[in-house]
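Right, one structure below, let's go through it.
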Amino acid sequence: MQLETKRLILRKPKKSDWKDIVEGVGELDIAKMMSYIPHPYKKSDAIDFIKKTNKKWKQKIITSMQFSIELKAEKKIIGGIGIGDINKFSGTAQTGSWINKKYWRNGYITEAKIIVNDFAFDKLKLRRLDSYVYRDNKASNATQKKMGYVLEGTLRKSKKCMATEIIHDQNVYGLLKEDWKKARKKLINKE
Ligand SMILES: CC(C)(COP(=O)(O)OP(=O)(O)OC[C@H]1O[C@@H](n2cnc3c(N)ncnc32)[C@H](O)[C@@H]1OP(=O)(O)O)[C@@H](O)C(=O)NCCC(=O)NCCS
C-alpha cells in the first residue's frame, strides 16, 4: 500500500530506509520536539522502528500505519508520517510526523498531510484525528492550524521528551471530517 502526491511517495518503511531515518531524526532539532526518539539515535534504533512498524502493518485489525516519506526527485526518505491509535469502532486516530531539517519549509508536510487526511477520512472512514503538540513547537503548532485542526486545550506538564528529558505542556488538537473538508478546499485553492 502506498500513497502518492506530486513530489512524494508515502510507503511502508523498508530496511534500507535506516540511513535516511537516522540522518533525519538523529538531528536534535527533530528529536527534541518528539516524545519517543532517543538521542543520539543509532542504526539499531531505526532498524527496531522499521521492524516494529512493519509488524503493525501486518496486523489483521490495523491500529497503526507509519509511512516513510520518499522525495521522488532524490529517491530519498526525507520524513515520516503516521496514523496511530486507529480505533475503527470509535472512528478516531492520532497523527504525527517529521521532516528532515534540510528540507523544512518546502511544503512537504503540508503535501503529505493532505493525502494522509484524505486517506484517514475517506478510506479508513474515520471521524476525527487527534494531534498532540508541545506548546513550544512553533512549526508544528502552525502546521496543525494550517491543516484545519482546532486547538481544544492544553495538557500541562503532560509529556517528558525522551531525547532531552524536558517536561512539556502539550496542546491537544482535533480535526473532524467536516473541519478537514473546509480546510482542504482552502489548501487546494492555494496550490
Ligand atoms: C513540523 C514539521 C514537520 C513541518 O514540516 P515542513 O515540511 O517544514 O512544513 P511545511 O513546509 O509544509 O509548512 C507548513 C506550515 O507550518 C508552518 N511552519 C513550518 N515551519 C515553521 C517554522 N519554523 N516557524 C513557524 N511556522 C512554521 C507554516 O505555517 C507553514 O505554512 P506556510 O509555509 O504556508 O506558511 C517540521 O518542522 C519538523 O519536522 N519539525 C520537528 C519534528 C516535529 O516537530 N514534528 C511534529 C511533532 S508534533
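Every chain in the C-alpha cells takes a letter, A first, then B, and so on in the order presented; its residues are numbered from 1, and the ligands are numbered from 1 following the presented order.
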
Test item, alpha helix (DSSP H) assignment across chain A, answer as number ranges by chain: A: 18-25, 28-31, 43-57, 108-118, 138-146, 177-190

Contacts to ligand 1 at 6 Å cut-off (only C-alpha atoms and all ligand atoms) as JSON, numbers by chain: {"A": [30, 33, 34, 96, 97, 98, 99, 104, 105, 106, 107, 108, 109, 110, 132, 133, 138, 139, 140, 142, 143]}

If you keep N, CA and C atoms, can you produce a file of those selected residues as a JSON list (two decimals), in the first residue's frame?
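Final file, part_11.json:
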[["chain", "number", "residue", "atom", "x", "y", "z"],
["A", 30, "ILE", "N", 14.91, 17.82, 15.66],
["A", 30, "ILE", "CA", 13.74, 16.99, 15.40],
["A", 30, "ILE", "C", 13.38, 16.22, 16.68],
["A", 33, "MET", "N", 11.48, 17.69, 19.67],
["A", 33, "MET", "CA", 10.06, 18.02, 19.52],
["A", 33, "MET", "C", 9.18, 16.77, 19.47],
["A", 34, "MET", "N", 9.82, 15.59, 19.60],
["A", 34, "MET", "CA", 9.06, 14.34, 19.55],
["A", 34, "MET", "C", 9.24, 13.60, 20.87],
["A", 96, "GLY", "N", 1.11, 11.94, 13.61],
["A", 96, "GLY", "CA", 2.40, 12.51, 13.98],
["A", 96, "GLY", "C", 3.30, 12.52, 12.75],
["A", 97, "SER", "N", 4.30, 13.39, 12.75],
["A", 97, "SER", "CA", 5.15, 13.47, 11.56],
["A", 97, "SER", "C", 6.46, 14.19, 11.84],
["A", 98, "TRP", "N", 7.41, 14.03, 10.93],
["A", 98, "TRP", "CA", 8.66, 14.81, 10.96],
["A", 98, "TRP", "C", 9.19, 14.93, 9.53],
["A", 99, "ILE", "N", 9.97, 15.97, 9.33],
["A", 99, "ILE", "CA", 10.65, 16.18, 8.04],
["A", 99, "ILE", "C", 12.11, 16.50, 8.34],
["A", 104, "TRP", "N", 13.05, 21.45, 5.46],
["A", 104, "TRP", "CA", 11.96, 22.22, 6.08],
["A", 104, "TRP", "C", 11.52, 23.38, 5.18],
["A", 105, "ARG", "N", 10.30, 23.81, 5.40],
["A", 105, "ARG", "CA", 9.70, 25.00, 4.76],
["A", 105, "ARG", "C", 9.59, 24.89, 3.24],
["A", 106, "ASN", "N", 9.41, 23.67, 2.75],
["A", 106, "ASN", "CA", 9.16, 23.48, 1.32],
["A", 106, "ASN", "C", 7.76, 22.96, 1.05],
["A", 107, "GLY", "N", 6.94, 22.96, 2.10],
["A", 107, "GLY", "CA", 5.56, 22.48, 1.93],
["A", 107, "GLY", "C", 5.43, 20.97, 1.91],
["A", 108, "TYR", "N", 6.50, 20.24, 2.29],
["A", 108, "TYR", "CA", 6.42, 18.78, 2.19],
["A", 108, "TYR", "C", 5.42, 18.18, 3.18],
["A", 109, "ILE", "N", 5.41, 18.70, 4.43],
["A", 109, "ILE", "CA", 4.48, 18.08, 5.38],
["A", 109, "ILE", "C", 3.04, 18.44, 5.02],
["A", 110, "THR", "N", 2.86, 19.63, 4.48],
["A", 110, "THR", "CA", 1.51, 20.02, 4.03],
["A", 110, "THR", "C", 1.04, 19.03, 2.96],
["A", 132, "TYR", "N", -1.14, 15.74, 19.21],
["A", 132, "TYR", "CA", -0.58, 16.30, 20.45],
["A", 132, "TYR", "C", 0.72, 16.99, 20.10],
["A", 133, "VAL", "N", 0.82, 18.25, 20.45],
["A", 133, "VAL", "CA", 1.98, 19.06, 20.04],
["A", 133, "VAL", "C", 2.54, 19.81, 21.25],
["A", 138, "LYS", "N", 6.82, 25.72, 17.61],
["A", 138, "LYS", "CA", 6.24, 26.75, 16.74],
["A", 138, "LYS", "C", 5.79, 26.16, 15.40],
["A", 139, "ALA", "N", 6.70, 25.40, 14.77],
["A", 139, "ALA", "CA", 6.42, 24.89, 13.41],
["A", 139, "ALA", "C", 5.22, 23.94, 13.41],
["A", 140, "SER", "N", 5.18, 23.04, 14.39],
["A", 140, "SER", "CA", 4.10, 22.06, 14.37],
["A", 140, "SER", "C", 2.75, 22.68, 14.76],
["A", 142, "ALA", "N", 1.87, 25.67, 14.09],
["A", 142, "ALA", "CA", 1.44, 26.39, 12.88],
["A", 142, "ALA", "C", 0.90, 25.41, 11.84],
["A", 143, "THR", "N", 1.57, 24.27, 11.72],
["A", 143, "THR", "CA", 1.13, 23.27, 10.74],
["A", 143, "THR", "C", -0.28, 22.77, 11.05]]

Nearest to Gln94 (chain A), chosen from A:Ile115, A:Val22, A:Ile166, A:Ile81, with only C-alpha atoms counted in the distances: A:Ile81

Spatial neighbours of Arg7 (chain A), max dist 10 Å, only C-alpha atoms, sep filter under 6 positions, as a VMD selection string: chain A and resid 69 to 74 108 111 to 112

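For the set A:Lys76, A:Lys43, A:Lys182, A:Lys88, the residue with the smallest atom-to-atom gap to Ile61 (chain A) is A:Lys88, counting only C-alpha atoms.
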
Members of region 54-151 of chain A assigned strand (DSSP E) by DSSP, as a PyMOL selection string: chain A and resi 65-71+76-87+92-99+128-134+150-151

Close residues, Gln170 (chain A) itself excluded, 6 Å, only C-alpha atoms, min 2 positions apart in chain, as a VMD selection string: chain A and resid 133 to 135 154 to 155

Now that the selection is made, can you save its residues with N, CA and C atoms as a CSV table (one decimal), in the first residue's frame?
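This went into part.csv:
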chain,number,residue,atom,x,y,z
A,133,VAL,N,0.8,18.3,20.4
A,133,VAL,CA,2.0,19.1,20.0
A,133,VAL,C,2.5,19.8,21.2
A,134,TYR,N,3.9,19.8,21.4
A,134,TYR,CA,4.5,20.5,22.5
A,134,TYR,C,4.1,22.0,22.4
A,135,ARG,N,3.7,22.6,23.5
A,135,ARG,CA,3.3,24.0,23.4
A,135,ARG,C,4.3,24.9,22.7
A,154,THR,N,-4.9,22.4,26.6
A,154,THR,CA,-3.5,22.1,26.8
A,154,THR,C,-3.4,21.2,28.0
A,155,LEU,N,-2.6,20.2,27.9
A,155,LEU,CA,-2.3,19.2,29.0
A,155,LEU,C,-1.0,19.7,29.6

Among listed residues A:Thr95, A:Thr53, A:Ser68, A:Thr63, nearest Leu8 (chain A) (using only C-alpha atoms):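 Closest residue, counting only C-alpha atoms: A:Ser68.
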
Just want the 12 Å neighbourhood of Lys51 (chain A), counted on only C-alpha atoms, with same-chain residues fewer than 5 positions away dropped. Output as a PDB file with C-alpha atoms, in the first residue's frame.
ATOM      1  CA  LYS A  12       5.758   1.267   4.365  1.00  0.00           C
ATOM      2  CA  PRO A  13       9.262   1.717   5.832  1.00  0.00           C
ATOM      3  CA  LYS A  14      11.862  -0.637   4.279  1.00  0.00           C
ATOM      4  CA  LYS A  15      15.031  -1.918   5.988  1.00  0.00           C
ATOM      5  CA  SER A  16      17.134   0.151   3.565  1.00  0.00           C
ATOM      6  CA  ASP A  17      15.460   3.359   4.857  1.00  0.00           C
ATOM      7  CA  TRP A  18      17.510   3.194   8.063  1.00  0.00           C
ATOM      8  CA  SER A  44      19.730  -0.168  15.710  1.00  0.00           C
ATOM      9  CA  ASP A  45      17.015   2.319  16.781  1.00  0.00           C
ATOM     10  CA  ALA A  46      15.992   2.800  13.152  1.00  0.00           C
ATOM     11  CA  LYS A  56       1.894  -3.431  12.768  1.00  0.00           C
ATOM     12  CA  TRP A  57       1.212  -3.116   9.042  1.00  0.00           C
ATOM     13  CA  LYS A  58       0.592  -6.896   9.023  1.00  0.00           C
ATOM     14  CA  GLN A  66       3.586   4.514   9.722  1.00  0.00           C
TER      15      GLN A  66
END

Close residues, region 37-40 of chain A itself excluded, 9 Å, only C-alpha atoms, min 4 positions apart in chain, as JSON, numbers by chain: {"A": [25, 26, 27, 28, 30, 31, 32, 45, 161, 162, 163, 164]}

Surrounding residues of region 172-178 of chain A excluding itself and chain neighbours under 2 positions, 6 Å, only C-alpha atoms, as a ChimeraX atom specification: /A:127-132,149-154,180-181

Could you please take those selected residues and save N, CA and C atoms as a PDB file, in the first residue's frame?
ATOM      1  N   ARG A 127     -13.694   9.582  11.818  1.00  0.00           N
ATOM      2  CA  ARG A 127     -14.495  10.779  12.056  1.00  0.00           C
ATOM      3  C   ARG A 127     -13.635  11.921  12.607  1.00  0.00           C
ATOM      4  N   ARG A 128     -12.527  11.527  13.283  1.00  0.00           N
ATOM      5  CA  ARG A 128     -11.724  12.524  13.997  1.00  0.00           C
ATOM      6  C   ARG A 128     -10.259  12.092  14.064  1.00  0.00           C
ATOM      7  N   LEU A 129      -9.375  13.074  13.849  1.00  0.00           N
ATOM      8  CA  LEU A 129      -7.942  12.843  14.067  1.00  0.00           C
ATOM      9  C   LEU A 129      -7.479  13.726  15.220  1.00  0.00           C
ATOM     10  N   ASP A 130      -6.650  13.160  16.088  1.00  0.00           N
ATOM     11  CA  ASP A 130      -6.064  13.923  17.200  1.00  0.00           C
ATOM     12  C   ASP A 130      -4.602  14.203  16.907  1.00  0.00           C
ATOM     13  N   SER A 131      -4.102  15.294  17.449  1.00  0.00           N
ATOM     14  CA  SER A 131      -2.680  15.564  17.349  1.00  0.00           C
ATOM     15  C   SER A 131      -2.223  16.246  18.641  1.00  0.00           C
ATOM     16  N   TYR A 132      -1.143  15.737  19.212  1.00  0.00           N
ATOM     17  CA  TYR A 132      -0.581  16.301  20.448  1.00  0.00           C
ATOM     18  C   TYR A 132       0.724  16.991  20.101  1.00  0.00           C
ATOM     19  N   TYR A 149      -6.847  21.892  11.971  1.00  0.00           N
ATOM     20  CA  TYR A 149      -7.018  21.341  13.324  1.00  0.00           C
ATOM     21  C   TYR A 149      -7.475  22.445  14.276  1.00  0.00           C
ATOM     22  N   VAL A 150      -8.314  22.074  15.218  1.00  0.00           N
ATOM     23  CA  VAL A 150      -8.810  23.029  16.210  1.00  0.00           C
ATOM     24  C   VAL A 150      -8.097  22.767  17.540  1.00  0.00           C
ATOM     25  N   LEU A 151      -7.556  23.827  18.124  1.00  0.00           N
ATOM     26  CA  LEU A 151      -6.905  23.691  19.434  1.00  0.00           C
ATOM     27  C   LEU A 151      -7.988  23.530  20.495  1.00  0.00           C
ATOM     28  N   GLU A 152      -7.954  22.411  21.197  1.00  0.00           N
ATOM     29  CA  GLU A 152      -9.052  22.108  22.129  1.00  0.00           C
ATOM     30  C   GLU A 152      -8.644  22.213  23.592  1.00  0.00           C
ATOM     31  N   GLY A 153      -7.341  22.370  23.819  1.00  0.00           N
ATOM     32  CA  GLY A 153      -6.901  22.501  25.207  1.00  0.00           C
ATOM     33  C   GLY A 153      -5.422  22.229  25.341  1.00  0.00           C
ATOM     34  N   THR A 154      -4.936  22.364  26.556  1.00  0.00           N
ATOM     35  CA  THR A 154      -3.510  22.129  26.825  1.00  0.00           C
ATOM     36  C   THR A 154      -3.383  21.213  28.034  1.00  0.00           C
ATOM     37  N   TRP A 180     -11.919  19.146   8.130  1.00  0.00           N
ATOM     38  CA  TRP A 180     -10.978  18.834   7.050  1.00  0.00           C
ATOM     39  C   TRP A 180     -11.533  19.236   5.687  1.00  0.00           C
ATOM     40  N   LYS A 181     -12.824  19.000   5.481  1.00  0.00           N
ATOM     41  CA  LYS A 181     -13.422  19.360   4.183  1.00  0.00           C
ATOM     42  C   LYS A 181     -13.226  20.845   3.909  1.00  0.00           C
TER      43      LYS A 181
END
